[in-house]
Amino acid sequence: ARLSLSAYARVGVHPSLYVGLFASLSEFAAAEVYFRVSASLYVSAAFDFKTAVGTTSLLAGRTDSYCETALFGCSNTCSADHDTQLSVSVALRLNAAYKLYAKAGWELWTASIGDRNEKPVFVDLDWTKTLVTWCWFLFPPSPPPS
């Protein structure tokens with residue numbers, strides 16, 4: 001019999017900053033000219049458990065390089081095979097966009113410039129850092145039942 005269980009949870013905040021002009025003159029005219037920057041800051045946790053009766057079915061040990069890059073490192077059990085593991089990470093992602101749109105008109109005549117949709121701006125920031133990983137051996141391997 002084998003048992004494998006994985007769970008993942010993430011909580012975050014997503015603030016946005018807009019700089020620009022938003023205007024409306026009843027049904028005759030409207031304009032949106034702005035630049036937006038949004039950040040997403042997440043804290044996540046991943047839990048893994050893997051075991052078996054009568055056979056070896058474990059989580060592989062973490063490498064030294066993985067544990068050295070974690071902000072607070074790993075527990076001692078992580079370097080060898082283990083059956084239970086909990087990792088906590090933090091991530092920051094940025095994205096940006098702009099919009100330039102205006103329209104004016106009356107009854108049958110309408111004119112517009114720009115696009116009603118935001119245009120993305122390429123921002124290369126997608127940063128993830130493992131804070132800590134804890135590992136345990138809850139159920140050491142045992143011989144199969146007779």
# chains A, B, ... in the order shown; residues from 1 in each chain; ligands from 1

call {"tool": "residues_around", "arguments": {"residues": "region 122-136 of chain A", "least_positions_apart": "2", "cutoff": "8 Å", "atoms": "only C-alpha atoms", "output": "VMD selection string"}}
result
chain A and resid 67 69 to 78 82 to 96 120 138

call {"tool": "write_last_selection", "arguments": {"atoms": "C-alpha atoms", "output": "PDB file, in the first residue's frame"}}
result
ATOM      1  CA  CYS A  67      19.240  24.295   0.879  1.00  0.00           C
ATOM      2  CA  THR A  69      19.731  29.142  -1.621  1.00  0.00           C
ATOM      3  CA  ALA A  70      16.863  28.980   0.900  1.00  0.00           C
ATOM      4  CA  LEU A  71      16.929  32.079   3.082  1.00  0.00           C
ATOM      5  CA  PHE A  72      16.826  30.137   6.364  1.00  0.00           C
ATOM      6  CA  GLY A  73      18.053  26.824   4.914  1.00  0.00           C
ATOM      7  CA  CYS A  74      16.675  23.350   5.474  1.00  0.00           C
ATOM      8  CA  SER A  75      16.280  21.099   8.482  1.00  0.00           C
ATOM      9  CA  ASN A  76      18.939  18.364   8.880  1.00  0.00           C
ATOM     10  CA  THR A  77      16.628  15.573   7.696  1.00  0.00           C
ATOM     11  CA  CYS A  78      16.273  17.198   4.246  1.00  0.00           C
ATOM     12  CA  HIS A  82      12.397  11.484   3.994  1.00  0.00           C
ATOM     13  CA  ASP A  83       8.624  11.071   3.936  1.00  0.00           C
ATOM     14  CA  THR A  84       7.307  14.504   4.976  1.00  0.00           C
ATOM     15  CA  GLN A  85       8.308  17.946   3.714  1.00  0.00           C
ATOM     16  CA  LEU A  86       7.011  21.507   4.195  1.00  0.00           C
ATOM     17  CA  SER A  87       8.430  24.434   2.205  1.00  0.00           C
ATOM     18  CA  VAL A  88       7.591  28.129   2.583  1.00  0.00           C
ATOM     19  CA  SER A  89       8.341  30.621  -0.215  1.00  0.00           C
ATOM     20  CA  VAL A  90       7.768  34.264  -1.071  1.00  0.00           C
ATOM     21  CA  ALA A  91       7.243  35.613  -4.601  1.00  0.00           C
ATOM     22  CA  LEU A  92       7.031  39.065  -6.186  1.00  0.00           C
ATOM     23  CA  ARG A  93       5.725  39.697  -9.675  1.00  0.00           C
ATOM     24  CA  LEU A  94       5.301  43.035 -11.470  1.00  0.00           C
ATOM     25  CA  ASN A  95       3.318  43.910 -14.554  1.00  0.00           C
ATOM     26  CA  ALA A  96       2.533  47.202 -16.252  1.00  0.00           C
ATOM     27  CA  PRO A 120       0.879  45.561 -21.755  1.00  0.00           C
ATOM     28  CA  LEU A 138       7.391  10.192  10.400  1.00  0.00           C
TER      29      LEU A 138
END

call {"tool": "closest_residue", "arguments": {"among": "A:Gly114, A:Gly12, A:Gly61, A:Gly105", "to": "Ser44 (chain A)", "atoms": "only C-alpha atoms"}}
result
A:Gly12

call {"tool": "closest_residue", "arguments": {"among": "A:Ala46, A:Val37, A:Leu25, A:Ala30", "to": "Arg116 (chain A)", "atoms": "only C-alpha atoms"}}
result
A:Ala30

call {"tool": "residues_around", "arguments": {"residues": "Asp115 (chain A)", "least_positions_apart": "5", "cutoff": "9 Å", "atoms": "only C-alpha atoms", "output": "PDB file with C-alpha atoms, in the first residue's frame"}}
result
ATOM      1  CA  LYS A  99      -4.101  52.953 -22.165  1.00  0.00           C
ATOM      2  CA  LEU A 100      -4.770  55.798 -24.590  1.00  0.00           C
ATOM      3  CA  TYR A 101      -8.389  56.129 -25.656  1.00  0.00           C
ATOM      4  CA  ALA A 102     -10.727  59.018 -26.379  1.00  0.00           C
TER       5      ALA A 102
END

call {"tool": "atom_distance", "arguments": {"atom1": "CA of Lys119 (chain A)", "atom2": "CA of Phe28 (chain A)"}}
result
24.9 Å

call {"tool": "select_by_dssp", "arguments": {"residues": "chain A", "states": "strand (DSSP E or B)", "output": "JSON, numbers by chain"}}
result
{"A": [2, 3, 4, 5, 6, 7, 8, 9, 10, 11, 12, 13, 16, 17, 18, 19, 20, 21, 22, 23, 24, 25, 29, 30, 31, 32, 33, 34, 35, 36, 37, 38, 39, 40, 41, 42, 43, 44, 45, 46, 47, 48, 49, 50, 51, 52, 59, 74, 82, 84, 85, 86, 87, 88, 89, 90, 91, 92, 93, 94, 95, 96, 97, 98, 99, 100, 101, 102, 103, 104, 105, 106, 109, 110, 111, 112, 113, 114, 119, 120, 121, 126, 127, 128, 129, 130, 131, 132, 133, 134, 135, 136]}

call {"tool": "write_last_selection", "arguments": {"atoms": "C-alpha atoms", "output": "PDB file, in the first residue's frame"}}
result
ATOM      1  CA  ARG A   2       1.267   3.439  -0.908  1.00  0.00           C
ATOM      2  CA  LEU A   3       0.152   6.863   0.219  1.00  0.00           C
ATOM      3  CA  SER A   4       1.063  10.174  -1.406  1.00  0.00           C
ATOM      4  CA  LEU A   5      -0.378  13.499  -0.294  1.00  0.00           C
ATOM      5  CA  SER A   6       0.414  16.985  -1.605  1.00  0.00           C
ATOM      6  CA  ALA A   7      -1.118  20.309  -0.598  1.00  0.00           C
ATOM      7  CA  TYR A   8      -0.365  23.855  -1.690  1.00  0.00           C
ATOM      8  CA  ALA A   9      -1.624  27.152  -0.269  1.00  0.00           C
ATOM      9  CA  ARG A  10      -0.937  30.716  -1.356  1.00  0.00           C
ATOM     10  CA  VAL A  11      -1.996  34.072   0.036  1.00  0.00           C
ATOM     11  CA  GLY A  12      -1.139  37.399  -1.518  1.00  0.00           C
ATOM     12  CA  VAL A  13      -1.802  41.070  -2.047  1.00  0.00           C
ATOM     13  CA  SER A  16      -2.090  48.662  -8.421  1.00  0.00           C
ATOM     14  CA  LEU A  17      -0.962  52.235  -9.042  1.00  0.00           C
ATOM     15  CA  TYR A  18      -2.598  54.285 -11.797  1.00  0.00           C
ATOM     16  CA  VAL A  19      -1.241  57.619 -13.066  1.00  0.00           C
ATOM     17  CA  GLY A  20      -3.255  59.399 -15.702  1.00  0.00           C
ATOM     18  CA  LEU A  21      -6.430  61.144 -16.769  1.00  0.00           C
ATOM     19  CA  PHE A  22      -9.957  59.773 -16.643  1.00  0.00           C
ATOM     20  CA  ALA A  23     -12.652  62.101 -18.020  1.00  0.00           C
ATOM     21  CA  SER A  24     -16.263  61.872 -19.102  1.00  0.00           C
ATOM     22  CA  LEU A  25     -18.638  64.517 -20.411  1.00  0.00           C
ATOM     23  CA  ALA A  29     -17.129  62.607 -24.835  1.00  0.00           C
ATOM     24  CA  ALA A  30     -14.887  60.361 -22.753  1.00  0.00           C
ATOM     25  CA  ALA A  31     -11.125  59.889 -22.380  1.00  0.00           C
ATOM     26  CA  GLU A  32      -8.776  57.505 -20.590  1.00  0.00           C
ATOM     27  CA  VAL A  33      -5.035  58.124 -20.680  1.00  0.00           C
ATOM     28  CA  TYR A  34      -3.062  56.303 -17.993  1.00  0.00           C
ATOM     29  CA  PHE A  35      -0.118  54.136 -17.008  1.00  0.00           C
ATOM     30  CA  ARG A  36      -0.636  51.264 -14.536  1.00  0.00           C
ATOM     31  CA  VAL A  37       1.858  49.271 -12.465  1.00  0.00           C
ATOM     32  CA  SER A  38       0.626  46.246 -10.518  1.00  0.00           C
ATOM     33  CA  ALA A  39       2.568  44.175  -8.029  1.00  0.00           C
ATOM     34  CA  SER A  40       1.670  40.751  -6.688  1.00  0.00           C
ATOM     35  CA  LEU A  41       3.282  39.649  -3.450  1.00  0.00           C
ATOM     36  CA  TYR A  42       2.611  36.039  -2.412  1.00  0.00           C
ATOM     37  CA  VAL A  43       3.564  33.814   0.480  1.00  0.00           C
ATOM     38  CA  SER A  44       3.100  30.147  -0.343  1.00  0.00           C
ATOM     39  CA  ALA A  45       3.469  26.837   1.452  1.00  0.00           C
ATOM     40  CA  ALA A  46       3.823  23.390  -0.097  1.00  0.00           C
ATOM     41  CA  PHE A  47       3.318  20.182   1.890  1.00  0.00           C
ATOM     42  CA  ASP A  48       4.317  16.732   0.605  1.00  0.00           C
ATOM     43  CA  PHE A  49       3.941  13.342   2.264  1.00  0.00           C
ATOM     44  CA  LYS A  50       4.870  10.036   0.654  1.00  0.00           C
ATOM     45  CA  THR A  51       5.159   6.606   2.231  1.00  0.00           C
ATOM     46  CA  ALA A  52       4.443   2.923   1.624  1.00  0.00           C
ATOM     47  CA  LEU A  59      10.660  11.879  -1.103  1.00  0.00           C
ATOM     48  CA  CYS A  74      16.675  23.350   5.474  1.00  0.00           C
ATOM     49  CA  HIS A  82      12.397  11.484   3.994  1.00  0.00           C
ATOM     50  CA  THR A  84       7.307  14.504   4.976  1.00  0.00           C
ATOM     51  CA  GLN A  85       8.308  17.946   3.714  1.00  0.00           C
ATOM     52  CA  LEU A  86       7.011  21.507   4.195  1.00  0.00           C
ATOM     53  CA  SER A  87       8.430  24.434   2.205  1.00  0.00           C
ATOM     54  CA  VAL A  88       7.591  28.129   2.583  1.00  0.00           C
ATOM     55  CA  SER A  89       8.341  30.621  -0.215  1.00  0.00           C
ATOM     56  CA  VAL A  90       7.768  34.264  -1.071  1.00  0.00           C
ATOM     57  CA  ALA A  91       7.243  35.613  -4.601  1.00  0.00           C
ATOM     58  CA  LEU A  92       7.031  39.065  -6.186  1.00  0.00           C
ATOM     59  CA  ARG A  93       5.725  39.697  -9.675  1.00  0.00           C
ATOM     60  CA  LEU A  94       5.301  43.035 -11.470  1.00  0.00           C
ATOM     61  CA  ASN A  95       3.318  43.910 -14.554  1.00  0.00           C
ATOM     62  CA  ALA A  96       2.533  47.202 -16.252  1.00  0.00           C
ATOM     63  CA  ALA A  97       0.237  48.532 -18.947  1.00  0.00           C
ATOM     64  CA  TYR A  98      -0.919  51.769 -20.543  1.00  0.00           C
ATOM     65  CA  LYS A  99      -4.101  52.953 -22.165  1.00  0.00           C
ATOM     66  CA  LEU A 100      -4.770  55.798 -24.590  1.00  0.00           C
ATOM     67  CA  TYR A 101      -8.389  56.129 -25.656  1.00  0.00           C
ATOM     68  CA  ALA A 102     -10.727  59.018 -26.379  1.00  0.00           C
ATOM     69  CA  LYS A 103     -14.068  59.310 -28.088  1.00  0.00           C
ATOM     70  CA  ALA A 104     -16.431  62.142 -28.913  1.00  0.00           C
ATOM     71  CA  GLY A 105     -19.682  62.295 -30.764  1.00  0.00           C
ATOM     72  CA  TRP A 106     -23.306  63.126 -30.966  1.00  0.00           C
ATOM     73  CA  TRP A 109     -21.462  61.066 -35.686  1.00  0.00           C
ATOM     74  CA  THR A 110     -18.772  59.471 -33.440  1.00  0.00           C
ATOM     75  CA  ALA A 111     -14.989  59.677 -33.590  1.00  0.00           C
ATOM     76  CA  SER A 112     -12.434  57.833 -31.475  1.00  0.00           C
ATOM     77  CA  ILE A 113      -8.680  57.456 -31.162  1.00  0.00           C
ATOM     78  CA  GLY A 114      -6.634  54.786 -29.430  1.00  0.00           C
ATOM     79  CA  LYS A 119      -1.591  47.567 -23.857  1.00  0.00           C
ATOM     80  CA  PRO A 120       0.879  45.561 -21.755  1.00  0.00           C
ATOM     81  CA  VAL A 121       4.379  46.867 -21.099  1.00  0.00           C
ATOM     82  CA  ASP A 126       9.250  37.491 -11.523  1.00  0.00           C
ATOM     83  CA  TRP A 127      11.161  36.727  -8.330  1.00  0.00           C
ATOM     84  CA  THR A 128      10.655  33.701  -6.064  1.00  0.00           C
ATOM     85  CA  LYS A 129      12.671  32.876  -2.949  1.00  0.00           C
ATOM     86  CA  THR A 130      12.371  29.786  -0.776  1.00  0.00           C
ATOM     87  CA  LEU A 131      12.424  30.899   2.841  1.00  0.00           C
ATOM     88  CA  VAL A 132      12.775  27.554   4.586  1.00  0.00           C
ATOM     89  CA  THR A 133      12.174  23.830   4.097  1.00  0.00           C
ATOM     90  CA  TRP A 134      11.476  21.421   6.938  1.00  0.00           C
ATOM     91  CA  CYS A 135      11.703  17.658   6.475  1.00  0.00           C
ATOM     92  CA  TRP A 136      10.701  14.785   8.753  1.00  0.00           C
TER      93      TRP A 136
END

call {"tool": "select_by_dssp", "arguments": {"residues": "chain A", "states": "helix (DSSP H, G or I)", "output": "ChimeraX atom specification"}}
result
/A:64-69,76-79

call {"tool": "atom_distance", "arguments": {"atom1": "CA of Asp81 (chain A)", "atom2": "CA of Thr63 (chain A)"}}
result
10.7 Å
